[in-house]
$ cat structure19.cif   # mmCIF, C-alpha atoms
data_coords
loop_
_atom_site.group_PDB
_atom_site.id
_atom_site.type_symbol
_atom_site.label_atom_id
_atom_site.label_comp_id
_atom_site.auth_asym_id
_atom_site.auth_seq_id
_atom_site.Cartn_x
_atom_site.Cartn_y
_atom_site.Cartn_z
ATOM 1 C CA MET A 212 -12.555 -18.703 37.862
ATOM 2 C CA LYS A 213 -14.564 -19.695 34.800
ATOM 3 C CA SER A 214 -16.536 -16.432 34.944
ATOM 4 C CA VAL A 215 -13.287 -14.430 35.066
ATOM 5 C CA PHE A 216 -12.021 -16.258 31.965
ATOM 6 C CA ILE A 217 -15.271 -15.547 30.112
ATOM 7 C CA PHE A 218 -15.103 -11.876 31.111
ATOM 8 C CA ILE A 219 -11.529 -11.495 29.836
ATOM 9 C CA SER A 220 -12.410 -13.290 26.585
ATOM 10 C CA LEU A 221 -15.297 -10.906 26.001
ATOM 11 C CA LEU A 222 -13.059 -7.920 26.633
ATOM 12 C CA ILE A 223 -10.557 -9.172 24.050
ATOM 13 C CA MET A 224 -13.292 -9.621 21.450
ATOM 14 C CA LEU A 225 -14.849 -6.243 22.157
ATOM 15 C CA CYS A 226 -11.627 -4.245 22.363
ATOM 16 C CA PRO A 227 -9.373 -4.444 19.277
ATOM 17 C CA ALA A 228 -6.529 -2.817 21.214
ATOM 18 C CA PHE A 229 -5.954 -6.104 23.057
ATOM 19 C CA SER A 230 -4.924 -7.764 19.800
ATOM 20 C CA GLN A 231 -2.838 -4.894 18.458
ATOM 21 C CA SER A 232 0.886 -5.300 18.018
ATOM 22 C CA ARG A 233 3.391 -2.826 19.408
ATOM 23 C CA MET A 234 3.841 -1.331 15.934
ATOM 24 C CA GLU A 235 0.087 -0.902 15.496
ATOM 25 C CA HIS A 236 -0.135 0.855 18.873
ATOM 26 C CA TYR A 237 2.664 3.137 17.680
ATOM 27 C CA LEU A 238 0.876 3.929 14.418
ATOM 28 C CA ASP A 239 -2.261 4.744 16.412
ATOM 29 C CA SER A 240 -0.206 7.126 18.558
ATOM 30 C CA LEU A 241 0.908 8.982 15.428
ATOM 31 C CA GLY A 242 -2.741 9.546 14.483
ATOM 32 C CA LEU A 243 -2.785 7.052 11.621
ATOM 33 C CA VAL A 244 -5.921 4.978 11.016
ATOM 34 C CA ASN A 245 -6.545 1.329 10.203
ATOM 35 C CA VAL A 246 -8.165 1.487 6.765
ATOM 36 C CA GLY A 247 -9.416 -2.107 6.926
ATOM 37 C CA ARG A 248 -11.594 -1.186 9.895
ATOM 38 C CA MET A 249 -12.906 1.878 8.087
ATOM 39 C CA ASP A 250 -14.040 -0.180 5.092
ATOM 40 C CA PRO A 251 -14.077 -3.978 5.478
ATOM 41 C CA THR A 252 -14.645 -4.400 1.724
ATOM 42 C CA LEU A 253 -11.034 -3.342 1.112
ATOM 43 C CA LYS A 254 -8.669 -6.286 0.714
ATOM 44 C CA ILE A 255 -5.554 -5.901 2.860
ATOM 45 C CA ASP A 256 -2.437 -7.618 1.555
ATOM 46 C CA LEU A 257 0.818 -6.502 3.158
ATOM 47 C CA MET A 258 3.353 -8.011 0.771
ATOM 48 C CA TYR A 259 6.258 -7.571 3.176
ATOM 49 C CA THR A 260 4.690 -9.876 5.745
ATOM 50 C CA ARG A 261 5.838 -12.630 3.350
ATOM 51 C CA ALA A 262 9.172 -13.503 1.804
ATOM 52 C CA ASP A 263 7.840 -13.483 -1.778
ATOM 53 C CA ASN A 264 8.847 -9.861 -2.370
ATOM 54 C CA PHE A 265 11.873 -8.366 -4.100
ATOM 55 C CA THR A 266 14.033 -8.630 -0.953
ATOM 56 C CA GLY A 267 13.290 -12.327 -0.455
ATOM 57 C CA LYS A 268 12.742 -11.680 3.269
ATOM 58 C CA VAL A 269 9.904 -11.051 5.709
ATOM 59 C CA LEU A 270 10.168 -7.361 6.619
ATOM 60 C CA TYR A 271 6.941 -6.755 8.570
ATOM 61 C CA GLU A 272 7.248 -8.870 11.683
ATOM 62 C CA ASP A 273 5.039 -6.668 13.870
ATOM 63 C CA LEU A 274 2.478 -5.314 11.415
ATOM 64 C CA GLN A 275 -0.556 -7.055 9.918
ATOM 65 C CA GLU A 276 -2.879 -4.125 9.174
ATOM 66 C CA ALA A 277 -2.849 -1.300 6.624
ATOM 67 C CA TYR A 278 -2.538 2.167 8.165
ATOM 68 C CA LEU A 279 -2.735 5.602 6.551
ATOM 69 C CA HIS A 280 -2.927 9.241 7.544
ATOM 70 C CA PRO A 281 -6.645 10.064 7.945
ATOM 71 C CA GLU A 282 -6.638 12.358 4.897
ATOM 72 C CA ALA A 283 -5.119 9.664 2.691
ATOM 73 C CA ALA A 284 -7.471 7.064 4.164
ATOM 74 C CA LYS A 285 -10.525 9.163 3.359
ATOM 75 C CA ALA A 286 -9.376 9.501 -0.251
ATOM 76 C CA LEU A 287 -8.698 5.769 -0.484
ATOM 77 C CA LEU A 288 -12.257 5.033 0.610
ATOM 78 C CA GLN A 289 -13.467 7.368 -2.127
ATOM 79 C CA ALA A 290 -11.416 5.387 -4.655
ATOM 80 C CA GLN A 291 -12.933 2.133 -3.399
ATOM 81 C CA LYS A 292 -16.418 3.613 -3.662
ATOM 82 C CA ARG A 293 -15.751 4.776 -7.218
ATOM 83 C CA LEU A 294 -14.393 1.363 -8.222
ATOM 84 C CA LYS A 295 -17.515 -0.338 -6.892
ATOM 85 C CA GLU A 296 -19.737 2.103 -8.767
ATOM 86 C CA LEU A 297 -18.023 0.997 -11.962
ATOM 87 C CA TYR A 298 -17.593 -2.703 -11.085
ATOM 88 C CA PRO A 299 -19.605 -3.693 -7.979
ATOM 89 C CA GLY A 300 -17.755 -6.992 -7.520
ATOM 90 C CA TYR A 301 -14.275 -5.482 -7.661
ATOM 91 C CA SER A 302 -12.213 -4.317 -4.680
ATOM 92 C CA LEU A 303 -8.936 -2.533 -4.108
ATOM 93 C CA ILE A 304 -6.058 -4.582 -2.669
ATOM 94 C CA ILE A 305 -4.011 -2.465 -0.266
ATOM 95 C CA ASP A 306 -0.551 -2.174 1.281
ATOM 96 C CA ALA A 307 -0.001 1.154 3.010
ATOM 97 C CA ALA A 308 2.167 2.740 5.743
ATOM 98 C CA ARG A 309 5.737 1.529 6.215
ATOM 99 C CA PRO A 310 8.169 2.235 9.068
ATOM 100 C CA MET A 311 11.460 3.896 8.123
ATOM 101 C CA SER A 312 13.277 0.979 9.764
ATOM 102 C CA VAL A 313 11.763 -1.311 7.108
ATOM 103 C CA GLN A 314 12.560 1.231 4.399
ATOM 104 C CA GLN A 315 16.204 0.985 5.430
ATOM 105 C CA LYS A 316 16.166 -2.794 5.010
ATOM 106 C CA MET A 317 14.705 -2.376 1.529
ATOM 107 C CA TRP A 318 17.296 0.240 0.614
ATOM 108 C CA ASN A 319 20.117 -2.013 1.795
ATOM 109 C CA VAL A 320 19.053 -4.579 -0.826
ATOM 110 C CA VAL A 321 19.185 -2.183 -3.800
ATOM 111 C CA LYS A 322 21.864 0.373 -2.905
ATOM 112 C CA GLY A 323 24.760 0.270 -5.323
ATOM 113 C CA THR A 324 22.627 -1.463 -7.967
ATOM 114 C CA SER A 325 20.628 -0.256 -10.965
ATOM 115 C CA GLN A 326 17.454 -1.041 -8.989
ATOM 116 C CA ASN A 327 18.079 1.724 -6.460
ATOM 117 C CA ILE A 328 15.809 4.028 -8.493
ATOM 118 C CA TYR A 329 12.825 2.002 -7.272
ATOM 119 C CA VAL A 330 13.424 2.421 -3.522
ATOM 120 C CA SER A 331 13.477 5.726 -1.647
ATOM 121 C CA ASN A 332 16.686 6.351 0.282
ATOM 122 C CA PRO A 333 16.045 6.796 4.039
ATOM 123 C CA ALA A 334 19.042 9.136 4.227
ATOM 124 C CA ARG A 335 17.094 11.519 1.983
ATOM 125 C CA GLY A 336 13.902 11.311 3.988
ATOM 126 C CA GLY A 337 12.517 8.065 2.610
ATOM 127 C CA GLY A 338 9.262 7.934 0.686
ATOM 128 C CA LEU A 339 5.613 8.717 1.300
ATOM 129 C CA HIS A 340 4.891 5.225 2.634
ATOM 130 C CA ASN A 341 7.017 6.346 5.584
ATOM 131 C CA TYR A 342 4.475 9.049 6.407
ATOM 132 C CA GLY A 343 1.305 7.038 5.820
ATOM 133 C CA LEU A 344 0.678 9.077 2.664
ATOM 134 C CA ALA A 345 1.144 6.437 -0.052
ATOM 135 C CA VAL A 346 -0.403 3.127 -1.012
ATOM 136 C CA ASP A 347 0.617 0.135 -3.059
ATOM 137 C CA VAL A 348 -2.650 -0.952 -4.621
ATOM 138 C CA SER A 349 -4.130 -3.339 -7.148
ATOM 139 C CA ILE A 350 -7.625 -4.638 -7.964
ATOM 140 C CA ALA A 351 -9.309 -7.944 -7.127
ATOM 141 C CA ASP A 352 -12.153 -9.343 -9.222
ATOM 142 C CA GLU A 353 -15.472 -10.824 -8.057
ATOM 143 C CA LYS A 354 -13.731 -14.048 -6.995
ATOM 144 C CA GLY A 355 -11.022 -12.227 -5.074
ATOM 145 C CA ASN A 356 -8.330 -12.837 -7.673
ATOM 146 C CA PRO A 357 -5.990 -9.963 -8.610
ATOM 147 C CA LEU A 358 -6.587 -8.561 -12.079
ATOM 148 C CA PRO A 359 -3.610 -9.134 -14.405
ATOM 149 C CA MET A 360 -1.481 -6.003 -14.599
ATOM 150 C CA GLY A 361 1.515 -7.246 -16.587
ATOM 151 C CA THR A 362 3.780 -7.661 -13.564
ATOM 152 C CA LYS A 363 3.381 -8.552 -9.915
ATOM 153 C CA VAL A 364 3.300 -5.769 -7.366
ATOM 154 C CA ASP A 365 6.883 -4.730 -6.425
ATOM 155 C CA HIS A 366 8.416 -5.848 -9.731
ATOM 156 C CA LEU A 367 11.515 -3.695 -10.149
ATOM 157 C CA GLY A 368 11.861 -3.214 -13.882
ATOM 158 C CA LYS A 369 10.696 -1.314 -16.964
ATOM 159 C CA GLU A 370 7.670 -3.627 -17.334
ATOM 160 C CA ALA A 371 6.139 -1.855 -14.323
ATOM 161 C CA HIS A 372 6.528 1.653 -15.786
ATOM 162 C CA ILE A 373 3.350 3.494 -16.746
ATOM 163 C CA ASP A 374 4.710 5.972 -19.304
ATOM 164 C CA THR A 375 5.600 3.321 -21.897
ATOM 165 C CA GLU A 376 2.534 1.088 -21.598
ATOM 166 C CA ALA A 377 1.226 1.687 -25.114
ATOM 167 C CA ALA A 378 4.602 0.739 -26.602
ATOM 168 C CA MET A 379 4.807 -2.313 -24.348
ATOM 169 C CA VAL A 380 1.443 -3.511 -25.647
ATOM 170 C CA GLN A 381 2.692 -3.161 -29.224
ATOM 171 C CA GLN A 382 5.874 -5.041 -28.329
ATOM 172 C CA GLY A 383 3.951 -7.825 -26.599
ATOM 173 C CA ILE A 384 5.499 -7.104 -23.192
ATOM 174 C CA ILE A 385 2.074 -6.549 -21.617
ATOM 175 C CA THR A 386 -1.358 -7.240 -23.081
ATOM 176 C CA ALA A 387 -4.032 -4.732 -24.039
ATOM 177 C CA GLN A 388 -6.214 -6.070 -21.191
ATOM 178 C CA GLU A 389 -3.414 -5.649 -18.665
ATOM 179 C CA ARG A 390 -3.025 -2.032 -19.761
ATOM 180 C CA LYS A 391 -6.797 -1.549 -19.526
ATOM 181 C CA ASN A 392 -6.694 -2.847 -15.954
ATOM 182 C CA ARG A 393 -3.893 -0.426 -15.082
ATOM 183 C CA LEU A 394 -5.868 2.443 -16.581
ATOM 184 C CA LEU A 395 -8.896 1.505 -14.475
ATOM 185 C CA LEU A 396 -6.741 1.506 -11.348
ATOM 186 C CA ARG A 397 -5.275 4.899 -12.198
ATOM 187 C CA ARG A 398 -8.726 6.278 -12.975
ATOM 188 C CA VAL A 399 -10.247 5.483 -9.597
ATOM 189 C CA MET A 400 -7.131 6.496 -7.663
ATOM 190 C CA THR A 401 -6.558 9.808 -9.430
ATOM 191 C CA ASP A 402 -10.261 10.662 -9.239
ATOM 192 C CA ALA A 403 -9.871 10.353 -5.460
ATOM 193 C CA GLY A 404 -6.872 12.695 -5.340
ATOM 194 C CA TYR A 405 -3.924 10.303 -5.545
ATOM 195 C CA LYS A 406 -1.034 10.746 -7.973
ATOM 196 C CA PRO A 407 0.611 7.801 -9.773
ATOM 197 C CA LEU A 408 4.320 7.012 -9.738
ATOM 198 C CA ARG A 409 5.898 6.789 -13.181
ATOM 199 C CA SER A 410 7.980 3.691 -12.472
ATOM 200 C CA GLU A 411 5.456 1.573 -10.523
ATOM 201 C CA TRP A 412 1.901 1.030 -11.771
ATOM 202 C CA TRP A 413 0.742 0.049 -8.255
ATOM 203 C CA HIS A 414 2.159 3.011 -6.305
ATOM 204 C CA PHE A 415 0.109 6.153 -5.583
ATOM 205 C CA ASN A 416 1.025 9.203 -3.493
ATOM 206 C CA PHE A 417 -1.450 11.432 -1.705
ATOM 207 C CA ARG A 418 0.971 14.277 -0.938
ATOM 208 C CA SER A 419 4.341 15.410 -2.275
ATOM 209 C CA ARG A 420 7.551 14.614 -0.422
ATOM 210 C CA GLU A 421 8.050 18.297 0.315
ATOM 211 C CA GLU A 422 4.598 18.525 1.914
ATOM 212 C CA ALA A 423 5.208 15.347 3.895
ATOM 213 C CA LYS A 424 8.536 16.532 5.317
ATOM 214 C CA ARG A 425 7.055 19.920 6.168
ATOM 215 C CA ASN A 426 3.700 18.948 7.656
ATOM 216 C CA TYR A 427 3.598 15.257 8.652
ATOM 217 C CA LYS A 428 5.299 12.896 11.093
ATOM 218 C CA VAL A 429 7.635 10.220 9.813
ATOM 219 C CA ILE A 430 7.045 6.628 10.933
ATOM 220 C CA ARG A 431 10.228 5.434 12.604
#
$ encode --input "structure19.cif" --output "structure tokens"
Amino acid sequence: MKSVFIFISLLIMLCPAFSQSRMEHYLDSLGLVNVGRMDPTLKIDLMYTRADNFTGKVLYEDLQEAYLHPEAAKALLQAQKRLKELYPGYSLIIDAARPMSVQQKMWNVVKGTSQNIYVSNPARGGGLHNYGLAVDVSIADEKGNPLPMGTKVDHLGKEAHIDTEAAMVQQGIITAQERKNRLLLRRVMTDAGYKPLRSEWWHFNFRSREEAKRNYKVIR
């Protein structure tokens, strides 16, 4: 009996599939990849596994890993490589694919409010997170602490916008260093083929919504 227990324990350690959740099995079936396994130096931080997000609720109850479409994942690894060329001790902090069911919960919080511009409406096809083609990303320093960016990730407000950063520095809304950190993040992400979102300094898309709807599978 003891030998059987040891055998099963070894199988669990050697086969990651044993520890996968139902959602992670589903993401695998769609052809998405676990980016943390592709590059262990990436820091995975799924903000919706905790209640300290703009909804005030835990939204990811069956997801602990960051998944992306393979093309987006490859580009993300290029961004991480570029960041480490510039600052060897730094690392990207990643949140990635999101099921449409979670997108709906997020939309329910903001619909009918002025904050609805920050959340993609599932009735209109959702956003690129729902295809594994977008990331929410920041940068950690040598000690693993997030660099200051002026707001926390998922702050819904003008302070998170990227097109008024210079004016916000002048007005004292964000600091010059916080803007410099945002520019570094945008540099490594855009060099790798990602495009920034005007209203969220942390959000980057790898494809357009039109391309996603035409060529990629949505995550239900």
$ residues_around --input "structure19.cif" --residues "Thr266 in chain A" --least-positions-apart "5" --cutoff "9 Å" --atoms "all atoms listed in the file" --output "JSON, numbers by chain"
{"A": [259, 316, 317, 320, 321]}
$ closest_atom_pairs --input "structure19.cif" --of "range 251-325 of chain A" --to "range 399-414 of chain A" --cutoff "7 Å" --atoms "all atoms listed in the file" --output "tab-separated table"
residue	atom	partner	partner_atom	distance
A:Ala286	CA	A:Ala403	CA	5.3
A:Leu287	CA	A:Ala403	CA	6.9
A:Gln289	CA	A:Ala403	CA	5.7
A:Ala290	CA	A:Val399	CA	5.1
A:Arg293	CA	A:Val399	CA	6.0
A:Leu294	CA	A:Val399	CA	6.0
$ atom_distance --input "structure19.cif" --atom1 "CA of Thr324 in chain A" --atom2 "CA of Lys363 in chain A"
20.6 Å
$ resolve_selection --input "structure19.cif" --expression "the PyMOL selection byres ((chain A and resi 279) around 7)" --output "ChimeraX atom specification"
/A:243-246,277-278,280-281,283-284,307-308,343-344
$ resolve_selection --input "structure19.cif" --expression "the PyMOL selection byres ((chain A and resi 421) around 12)" --output "PyMOL selection string"
chain A and resi 335-339+342+417-420+422-427
$ resolve_selection --input "structure19.cif" --expression "the PyMOL selection byres ((chain A and resi 234) around 10)" --output "PyMOL selection string"
chain A and resi 231-233+235-240+271-276+310+430-431
$ closest_residue --input "structure19.cif" --among "A:Ala387, A:Leu257, A:Leu396, A:Val364" --to "Asp306 in chain A" --atoms "all atoms listed in the file"
A:Leu257
$ closest_residue --input "structure19.cif" --among "A:Pro357, A:Glu282, A:Lys428, A:Asp352" --to "Asn416 in chain A" --atoms "all atoms listed in the file"
A:Glu282
$ build_atoms --input "structure19.cif" --residues "range 401-412 of chain A" --atoms "all heavy atoms" --output "JSON list (two decimals), keeping the file's coordinate frame"
[["chain", "number", "residue", "atom", "x", "y", "z"],
["A", 401, "THR", "N", -6.76, 8.38, -9.16],
["A", 401, "THR", "CA", -6.56, 9.81, -9.43],
["A", 401, "THR", "C", -7.84, 10.60, -9.23],
["A", 401, "THR", "O", -7.80, 11.76, -8.78],
["A", 401, "THR", "CB", -6.02, 10.03, -10.86],
["A", 401, "THR", "OG1", -6.91, 9.43, -11.81],
["A", 401, "THR", "CG2", -4.63, 9.42, -11.00],
["A", 402, "ASP", "N", -8.99, 9.99, -9.51],
["A", 402, "ASP", "CA", -10.26, 10.66, -9.24],
["A", 402, "ASP", "C", -10.40, 10.98, -7.75],
["A", 402, "ASP", "O", -11.08, 11.95, -7.38],
["A", 402, "ASP", "CB", -11.44, 9.79, -9.69],
["A", 402, "ASP", "CG", -11.66, 9.83, -11.19],
["A", 402, "ASP", "OD1", -10.97, 10.62, -11.87],
["A", 402, "ASP", "OD2", -12.52, 9.07, -11.69],
["A", 403, "ALA", "N", -9.78, 10.16, -6.91],
["A", 403, "ALA", "CA", -9.87, 10.35, -5.46],
["A", 403, "ALA", "C", -8.78, 11.27, -4.91],
["A", 403, "ALA", "O", -8.75, 11.56, -3.72],
["A", 403, "ALA", "CB", -9.79, 9.00, -4.76],
["A", 404, "GLY", "N", -7.89, 11.74, -5.78],
["A", 404, "GLY", "CA", -6.87, 12.70, -5.34],
["A", 404, "GLY", "C", -5.47, 12.15, -5.22],
["A", 404, "GLY", "O", -4.55, 12.88, -4.82],
["A", 405, "TYR", "N", -5.27, 10.89, -5.58],
["A", 405, "TYR", "CA", -3.92, 10.30, -5.54],
["A", 405, "TYR", "C", -3.19, 10.58, -6.86],
["A", 405, "TYR", "O", -3.82, 10.77, -7.91],
["A", 405, "TYR", "CB", -4.01, 8.80, -5.32],
["A", 405, "TYR", "CG", -4.17, 8.39, -3.87],
["A", 405, "TYR", "CD1", -5.43, 8.29, -3.29],
["A", 405, "TYR", "CD2", -3.06, 8.11, -3.08],
["A", 405, "TYR", "CE1", -5.58, 7.92, -1.97],
["A", 405, "TYR", "CE2", -3.20, 7.73, -1.75],
["A", 405, "TYR", "CZ", -4.46, 7.63, -1.20],
["A", 405, "TYR", "OH", -4.60, 7.26, 0.11],
["A", 406, "LYS", "N", -1.86, 10.55, -6.78],
["A", 406, "LYS", "CA", -1.03, 10.75, -7.97],
["A", 406, "LYS", "C", -0.20, 9.49, -8.22],
["A", 406, "LYS", "O", 0.41, 8.95, -7.29],
["A", 406, "LYS", "CB", -0.12, 11.96, -7.80],
["A", 406, "LYS", "CG", -0.90, 13.26, -7.69],
["A", 406, "LYS", "CD", 0.03, 14.45, -7.53],
["A", 406, "LYS", "CE", -0.77, 15.75, -7.44],
["A", 406, "LYS", "NZ", 0.11, 16.94, -7.26],
["A", 407, "PRO", "N", -0.14, 9.02, -9.47],
["A", 407, "PRO", "CA", 0.61, 7.80, -9.77],
["A", 407, "PRO", "C", 2.11, 8.05, -9.79],
["A", 407, "PRO", "O", 2.57, 9.19, -9.94],
["A", 407, "PRO", "CB", 0.10, 7.42, -11.16],
["A", 407, "PRO", "CG", -0.28, 8.73, -11.78],
["A", 407, "PRO", "CD", -0.82, 9.57, -10.66],
["A", 408, "LEU", "N", 2.86, 6.97, -9.63],
["A", 408, "LEU", "CA", 4.32, 7.01, -9.74],
["A", 408, "LEU", "C", 4.71, 6.45, -11.10],
["A", 408, "LEU", "O", 4.25, 5.37, -11.48],
["A", 408, "LEU", "CB", 4.94, 6.19, -8.61],
["A", 408, "LEU", "CG", 6.47, 6.24, -8.47],
["A", 408, "LEU", "CD1", 6.92, 7.65, -8.09],
["A", 408, "LEU", "CD2", 6.93, 5.24, -7.41],
["A", 409, "ARG", "N", 5.55, 7.15, -11.81],
["A", 409, "ARG", "CA", 5.90, 6.79, -13.18],
["A", 409, "ARG", "C", 6.46, 5.37, -13.31],
["A", 409, "ARG", "O", 6.16, 4.66, -14.28],
["A", 409, "ARG", "CB", 6.92, 7.78, -13.72],
["A", 409, "ARG", "CG", 7.34, 7.54, -15.17],
["A", 409, "ARG", "CD", 8.52, 8.39, -15.55],
["A", 409, "ARG", "NE", 9.73, 7.97, -14.86],
["A", 409, "ARG", "CZ", 10.49, 6.94, -15.26],
["A", 409, "ARG", "NH1", 10.16, 6.25, -16.33],
["A", 409, "ARG", "NH2", 11.57, 6.62, -14.58],
["A", 410, "SER", "N", 7.24, 4.95, -12.34],
["A", 410, "SER", "CA", 7.98, 3.69, -12.47],
["A", 410, "SER", "C", 7.30, 2.48, -11.84],
["A", 410, "SER", "O", 7.82, 1.37, -11.93],
["A", 410, "SER", "CB", 9.38, 3.85, -11.86],
["A", 410, "SER", "OG", 9.27, 4.25, -10.49],
["A", 411, "GLU", "N", 6.14, 2.68, -11.20],
["A", 411, "GLU", "CA", 5.46, 1.57, -10.52],
["A", 411, "GLU", "C", 3.95, 1.73, -10.70],
["A", 411, "GLU", "O", 3.35, 2.62, -10.10],
["A", 411, "GLU", "CB", 5.81, 1.54, -9.03],
["A", 411, "GLU", "CG", 7.29, 1.35, -8.75],
["A", 411, "GLU", "CD", 7.62, 1.47, -7.27],
["A", 411, "GLU", "OE1", 6.71, 1.71, -6.45],
["A", 411, "GLU", "OE2", 8.81, 1.32, -6.93],
["A", 412, "TRP", "N", 3.33, 0.87, -11.48],
["A", 412, "TRP", "CA", 1.90, 1.03, -11.77],
["A", 412, "TRP", "C", 1.04, 0.94, -10.52],
["A", 412, "TRP", "O", -0.08, 1.45, -10.50],
["A", 412, "TRP", "CB", 1.44, -0.02, -12.80],
["A", 412, "TRP", "CG", 1.63, -1.46, -12.39],
["A", 412, "TRP", "CD1", 2.64, -2.30, -12.77],
["A", 412, "TRP", "CD2", 0.78, -2.22, -11.52],
["A", 412, "TRP", "NE1", 2.49, -3.55, -12.19],
["A", 412, "TRP", "CE2", 1.35, -3.53, -11.42],
["A", 412, "TRP", "CE3", -0.39, -1.95, -10.81],
["A", 412, "TRP", "CZ2", 0.79, -4.55, -10.65],
["A", 412, "TRP", "CZ3", -0.95, -2.96, -10.03],
["A", 412, "TRP", "CH2", -0.37, -4.24, -9.96]]
